[in-house]
$ cat start.csv   # CSV, C-alpha atoms
chain,number,residue,atom,x,y,z
A,125,MET,CA,93.9,90.1,115.2
A,126,LYS,CA,91.2,91.9,113.3
A,127,ILE,CA,90.5,95.5,114.0
A,128,THR,CA,86.9,96.4,114.3
A,129,ALA,CA,85.1,99.5,113.1
A,130,ALA,CA,84.4,100.4,116.8
A,131,GLN,CA,88.1,100.3,117.6
A,132,ILE,CA,88.9,102.6,114.7
A,133,ALA,CA,86.1,105.0,115.6
A,134,GLU,CA,87.3,105.0,119.2
A,135,ARG,CA,90.9,105.8,118.0
A,136,TYR,CA,89.7,108.6,115.8
A,137,ALA,CA,87.6,110.0,118.6
A,138,SER,CA,90.8,110.2,120.8
A,139,MET,CA,92.7,112.1,118.1
A,140,THR,CA,93.0,115.9,117.8
A,141,ASP,CA,91.4,117.7,114.9
A,142,GLU,CA,94.9,118.2,113.3
A,143,GLU,CA,95.8,114.5,113.7
A,144,LEU,CA,92.6,113.4,112.2
A,145,GLN,CA,92.8,115.9,109.3
A,146,SER,CA,96.4,114.8,108.6
A,147,LEU,CA,95.2,111.2,107.9
A,148,ASP,CA,95.1,110.8,104.1
A,149,PRO,CA,91.7,109.2,103.3
A,150,GLY,CA,93.2,107.9,100.0
A,151,LYS,CA,95.5,105.7,102.1
A,152,LEU,CA,92.8,104.4,104.4
A,153,THR,CA,90.5,101.5,103.9
A,154,PRO,CA,87.1,102.6,102.6
A,155,GLU,CA,85.6,101.9,106.1
A,156,ALA,CA,88.3,103.8,107.9
A,157,ALA,CA,87.9,106.8,105.5
A,158,THR,CA,84.2,106.8,106.1
A,159,LEU,CA,84.7,106.7,109.9
A,160,ARG,CA,87.3,109.6,109.6
A,161,ALA,CA,84.8,111.7,107.6
A,162,GLU,CA,82.1,110.9,110.2
A,163,GLU,CA,84.3,111.9,113.1
A,164,LEU,CA,85.3,115.2,111.3
A,165,ALA,CA,81.7,115.9,110.6
A,166,ARG,CA,80.7,115.2,114.2
A,167,ARG,CA,83.2,117.7,115.3
A,168,GLY,CA,82.3,120.2,112.7
A,169,ALA,CA,85.9,120.2,111.5
A,170,VAL,CA,85.6,119.4,107.8
A,171,GLU,CA,88.6,119.7,105.5
A,172,SER,CA,88.9,123.0,103.8
A,173,PRO,CA,89.3,123.1,100.1
A,174,ALA,CA,92.9,124.4,100.6
A,175,MET,CA,93.7,121.3,102.7
A,176,GLU,CA,92.2,119.0,100.1
A,177,GLU,CA,94.2,120.8,97.3
A,178,GLU,CA,97.4,120.5,99.3
A,179,ARG,CA,96.9,116.8,99.8
A,180,ALA,CA,96.2,116.3,96.1
A,181,ARG,CA,99.3,118.3,95.3
A,182,ARG,CA,101.4,116.1,97.6
A,183,GLU,CA,99.9,113.0,96.0
A,184,ARG,CA,100.7,114.2,92.5
A,185,GLU,CA,104.3,114.9,93.5
A,186,THR,CA,104.6,111.5,95.0
A,187,GLU,CA,103.3,109.8,91.9
A,188,LYS,CA,105.7,111.8,89.7
A,189,ARG,CA,108.6,110.9,91.9
A,190,LEU,CA,107.6,107.2,91.8
A,191,ALA,CA,107.3,107.3,88.0
A,192,ARG,CA,110.8,108.9,87.7
A,193,SER,CA,112.2,106.3,90.0
A,194,VAL,CA,110.7,103.4,88.0
A,195,ALA,CA,112.1,104.9,84.7
A,196,ARG,CA,115.6,105.3,86.3
A,197,ARG,CA,115.5,101.7,87.5
A,198,ARG,CA,114.5,100.4,84.1
A,199,LEU,CA,117.3,102.4,82.5
A,200,ALA,CA,119.8,100.9,85.0
A,201,VAL,CA,118.6,97.4,84.2
A,202,ALA,CA,118.9,98.1,80.5
A,203,LEU,CA,122.5,99.3,81.0
A,204,ALA,CA,123.3,96.1,83.0
A,205,VAL,CA,121.9,94.0,80.2
A,206,ALA,CA,124.0,95.9,77.7
A,207,ALA,CA,127.1,95.1,79.8
A,208,LEU,CA,126.2,91.4,79.8
A,209,LEU,CA,125.6,91.4,76.1
A,210,THR,CA,128.8,93.3,75.5
A,211,GLU,CA,130.7,90.6,77.5
A,212,LEU,CA,128.9,87.6,76.1
A,213,ALA,CA,127.6,88.4,72.6
A,214,LEU,CA,129.7,91.2,71.2
A,215,PRO,CA,132.9,89.1,70.8
A,216,ARG,CA,131.0,86.6,68.6
A,217,VAL,CA,129.9,89.4,66.2
A,218,VAL,CA,132.7,91.9,66.2
A,219,GLU,CA,136.3,91.4,66.8
A,220,LEU,CA,137.5,93.9,69.4
A,221,PRO,CA,140.6,93.8,71.6
A,222,ARG,CA,139.8,92.3,75.0
A,223,ALA,CA,140.7,95.6,76.7
A,224,ALA,CA,138.1,97.5,74.6
A,225,THR,CA,135.4,95.0,75.5
A,226,GLY,CA,136.4,95.2,79.1
A,227,ALA,CA,136.3,99.0,79.0
A,228,LEU,CA,132.8,98.9,77.5
A,229,VAL,CA,131.5,96.5,80.1
A,230,ALA,CA,133.0,98.6,82.9
A,231,ALA,CA,131.4,101.8,81.4
A,232,PHE,CA,128.0,100.2,81.2
A,233,CYS,CA,128.3,98.9,84.8
A,234,VAL,CA,129.4,102.3,86.1
A,235,LEU,CA,126.5,104.0,84.3
A,236,ALA,CA,124.0,101.4,85.6
A,237,ILE,CA,125.2,102.0,89.2
A,238,TYR,CA,125.1,105.7,88.8
A,239,VAL,CA,121.6,105.7,87.3
A,240,TRP,CA,120.3,103.3,89.9
A,241,ARG,CA,121.7,105.2,92.9
A,242,ARG,CA,120.9,108.7,91.6
A,243,ARG,CA,118.4,110.7,93.6
A,244,ALA,CA,115.3,112.2,92.0
$ encode --input "start.csv" --output "structure tokens"
Amino acid sequence: MKITAAQIAERYASMTDEELQSLDPGKLTPEAATLRAEELARRGAVESPAMEEERARRERETEKRLARSVARRRLAVALAVAALLTELALPRVVELPRAATGALVAAFCVLAIYVWRRRA
């Protein structure tokens, strides 16, 4: 079912000023963002510079949090790969006691899980 511009405009008209201002235009389709701006202008309730700055600050924080999360996930995957290489390739290159190899694999796995699950 396709939503029409008229349906979006009707929905925006039924919202309060606060509800309408709380919609992030960056997360709306271009048409919906335009309709939001038109409805705010029709009401004379344009966004203040402080509101725009607060929205931009929240977006920057979200982007930073996402970047840290991606970096953590990549590190966790690298640790898991290190565990696999320790188990599969290291015994062919270096002669270590089986217990030492197992301990290294366990340490890499524990670190990978810790990094993966850690909160930002």
$ closest_atom_pairs --input "start.csv" --of "stretch 131-153 of chain A" --to "stretch 174-190 of chain A" --cutoff "12 Å" --atoms "only C-alpha atoms" --output "CSV"
residue,atom,partner,partner_atom,distance
A:Glu142,CA,A:Met175,CA,11.1
A:Gln145,CA,A:Met175,CA,8.6
A:Ser146,CA,A:Arg179,CA,9.0
A:Leu147,CA,A:Arg179,CA,10.0
A:Asp148,CA,A:Arg179,CA,7.6
A:Pro149,CA,A:Arg179,CA,9.9
A:Gly150,CA,A:Glu183,CA,9.3
A:Lys151,CA,A:Glu183,CA,10.5
$ residues_around --input "start.csv" --residues "A:Glu163" --least-positions-apart "6" --cutoff "12 Å" --atoms "all atoms listed in the file" --output "compact mmCIF listing (two decimals) with C-alpha atoms, in the coordinates of the input"
# COMPACT_ATOMS: atom_id res chain seq x y z
CA ILE A 132 88.90 102.60 114.70
CA ALA A 133 86.10 105.00 115.60
CA GLU A 134 87.30 105.00 119.20
CA ARG A 135 90.90 105.80 118.00
CA TYR A 136 89.70 108.60 115.80
CA ALA A 137 87.60 110.00 118.60
CA SER A 138 90.80 110.20 120.80
CA MET A 139 92.70 112.10 118.10
CA THR A 140 93.00 115.90 117.80
CA ASP A 141 91.40 117.70 114.90
CA GLU A 143 95.80 114.50 113.70
CA LEU A 144 92.60 113.40 112.20
CA GLN A 145 92.80 115.90 109.30
CA ALA A 156 88.30 103.80 107.90
CA ALA A 157 87.90 106.80 105.50
CA ALA A 169 85.90 120.20 111.50
CA VAL A 170 85.60 119.40 107.80
CA GLU A 171 88.60 119.70 105.50
$ residues_around --input "start.csv" --residues "A:Val234" --least-positions-apart "3" --cutoff "10 Å" --atoms "only C-alpha atoms" --output "PyMOL selection string"
chain A and resi 200+203-204+207+228-231+237-240
$ residues_near_point --input "start.csv" --point "(118.4, 107.4, 90.6)" --cutoff "10 Å" --atoms "all atoms listed in the file" --output "PyMOL selection string"
chain A and resi 192-197+199-200+236-244
$ atom_distance --input "start.csv" --atom1 "atom CA of A:Thr128" --atom2 "atom CA of A:Thr153"
12.1 Å
$ closest_residue --input "start.csv" --among "A:Cys233, A:Val218, A:Leu209, A:Ala129" --to "A:Pro154" --atoms "only C-alpha atoms"
A:Ala129
$ atom_distance --input "start.csv" --atom1 "atom CA of A:Thr158" --atom2 "atom CA of A:Ala130"
12.5 Å
$ axis_aligned_box --input "start.csv" --around "stretch 162-166 of chain A" --padding-each-side "8 Å" --output "JSON"
{"center_x": 83.0, "center_y": 113.4, "center_z": 112.2, "size_x": 20.6, "size_y": 21.0, "size_z": 20.0}
$ atom_distance --input "start.csv" --atom1 "atom CA of A:Ala206" --atom2 "atom CA of A:Ala191"
22.7 Å
$ build_atoms --input "start.csv" --residues "stretch 171-196 of chain A" --atoms "N, CA and C atoms" --output "mmCIF file, keeping the file's coordinate frame"
data_model
loop_
_atom_site.group_PDB
_atom_site.id
_atom_site.type_symbol
_atom_site.label_atom_id
_atom_site.label_comp_id
_atom_site.auth_asym_id
_atom_site.auth_seq_id
_atom_site.Cartn_x
_atom_site.Cartn_y
_atom_site.Cartn_z
ATOM 1 N N GLU A 171 87.372 119.235 106.228
ATOM 2 C CA GLU A 171 88.600 119.700 105.500
ATOM 3 C C GLU A 171 88.229 120.906 104.661
ATOM 4 N N SER A 172 89.097 121.866 104.701
ATOM 5 C CA SER A 172 88.900 123.000 103.800
ATOM 6 C C SER A 172 89.368 122.676 102.431
ATOM 7 N N PRO A 173 88.871 123.399 101.437
ATOM 8 C CA PRO A 173 89.300 123.100 100.100
ATOM 9 C C PRO A 173 90.847 123.313 99.920
ATOM 10 N N ALA A 174 91.425 124.225 100.692
ATOM 11 C CA ALA A 174 92.900 124.400 100.600
ATOM 12 C C ALA A 174 93.615 123.184 101.108
ATOM 13 N N MET A 175 93.096 122.554 102.166
ATOM 14 C CA MET A 175 93.700 121.300 102.700
ATOM 15 C C MET A 175 93.592 120.198 101.682
ATOM 16 N N GLU A 176 92.433 120.092 101.057
ATOM 17 C CA GLU A 176 92.200 119.000 100.100
ATOM 18 C C GLU A 176 93.169 119.260 98.864
ATOM 19 N N GLU A 177 93.331 120.517 98.440
ATOM 20 C CA GLU A 177 94.200 120.800 97.300
ATOM 21 C C GLU A 177 95.671 120.519 97.677
ATOM 22 N N GLU A 178 96.076 120.843 98.892
ATOM 23 C CA GLU A 178 97.400 120.500 99.300
ATOM 24 C C GLU A 178 97.693 119.039 99.348
ATOM 25 N N ARG A 179 96.739 118.278 99.829
ATOM 26 C CA ARG A 179 96.900 116.800 99.800
ATOM 27 C C ARG A 179 96.961 116.278 98.419
ATOM 28 N N ALA A 180 96.134 116.794 97.521
ATOM 29 C CA ALA A 180 96.200 116.300 96.100
ATOM 30 C C ALA A 180 97.511 116.703 95.480
ATOM 31 N N ARG A 181 98.048 117.879 95.799
ATOM 32 C CA ARG A 181 99.300 118.300 95.300
ATOM 33 C C ARG A 181 100.449 117.347 95.735
ATOM 34 N N ARG A 182 100.438 117.015 97.025
ATOM 35 C CA ARG A 182 101.400 116.100 97.600
ATOM 36 C C ARG A 182 101.330 114.717 96.901
ATOM 37 N N GLU A 183 100.103 114.260 96.674
ATOM 38 C CA GLU A 183 99.900 113.000 96.000
ATOM 39 C C GLU A 183 100.435 112.982 94.582
ATOM 40 N N ARG A 184 100.191 114.077 93.863
ATOM 41 C CA ARG A 184 100.700 114.200 92.500
ATOM 42 C C ARG A 184 102.226 114.187 92.481
ATOM 43 N N GLU A 185 102.844 114.910 93.414
ATOM 44 C CA GLU A 185 104.300 114.900 93.500
ATOM 45 C C GLU A 185 104.854 113.541 93.797
ATOM 46 N N THR A 186 104.199 112.830 94.688
ATOM 47 C CA THR A 186 104.600 111.500 95.000
ATOM 48 C C THR A 186 104.531 110.561 93.814
ATOM 49 N N GLU A 187 103.447 110.667 93.064
ATOM 50 C CA GLU A 187 103.300 109.800 91.900
ATOM 51 C C GLU A 187 104.339 110.157 90.816
ATOM 52 N N LYS A 188 104.665 111.447 90.621
ATOM 53 C CA LYS A 188 105.700 111.800 89.700
ATOM 54 C C LYS A 188 107.057 111.283 90.096
ATOM 55 N N ARG A 189 107.355 111.401 91.397
ATOM 56 C CA ARG A 189 108.600 110.900 91.900
ATOM 57 C C ARG A 189 108.733 109.391 91.722
ATOM 58 N N LEU A 190 107.651 108.695 91.960
ATOM 59 C CA LEU A 190 107.600 107.200 91.800
ATOM 60 C C LEU A 190 107.830 106.884 90.311
ATOM 61 N N ALA A 191 107.181 107.604 89.402
ATOM 62 C CA ALA A 191 107.300 107.300 88.000
ATOM 63 C C ALA A 191 108.762 107.563 87.518
ATOM 64 N N ARG A 192 109.390 108.641 88.008
ATOM 65 C CA ARG A 192 110.800 108.900 87.700
ATOM 66 C C ARG A 192 111.696 107.796 88.200
ATOM 67 N N SER A 193 111.409 107.338 89.400
ATOM 68 C CA SER A 193 112.200 106.300 90.000
ATOM 69 C C SER A 193 112.108 104.991 89.201
ATOM 70 N N VAL A 194 110.905 104.647 88.778
ATOM 71 C CA VAL A 194 110.700 103.400 88.000
ATOM 72 C C VAL A 194 111.447 103.558 86.654
ATOM 73 N N ALA A 195 111.386 104.720 86.024
ATOM 74 C CA ALA A 195 112.100 104.900 84.700
ATOM 75 C C ALA A 195 113.588 104.804 84.932
ATOM 76 N N ARG A 196 114.121 105.382 86.014
ATOM 77 C CA ARG A 196 115.600 105.300 86.300
ATOM 78 C C ARG A 196 115.963 103.820 86.499
#
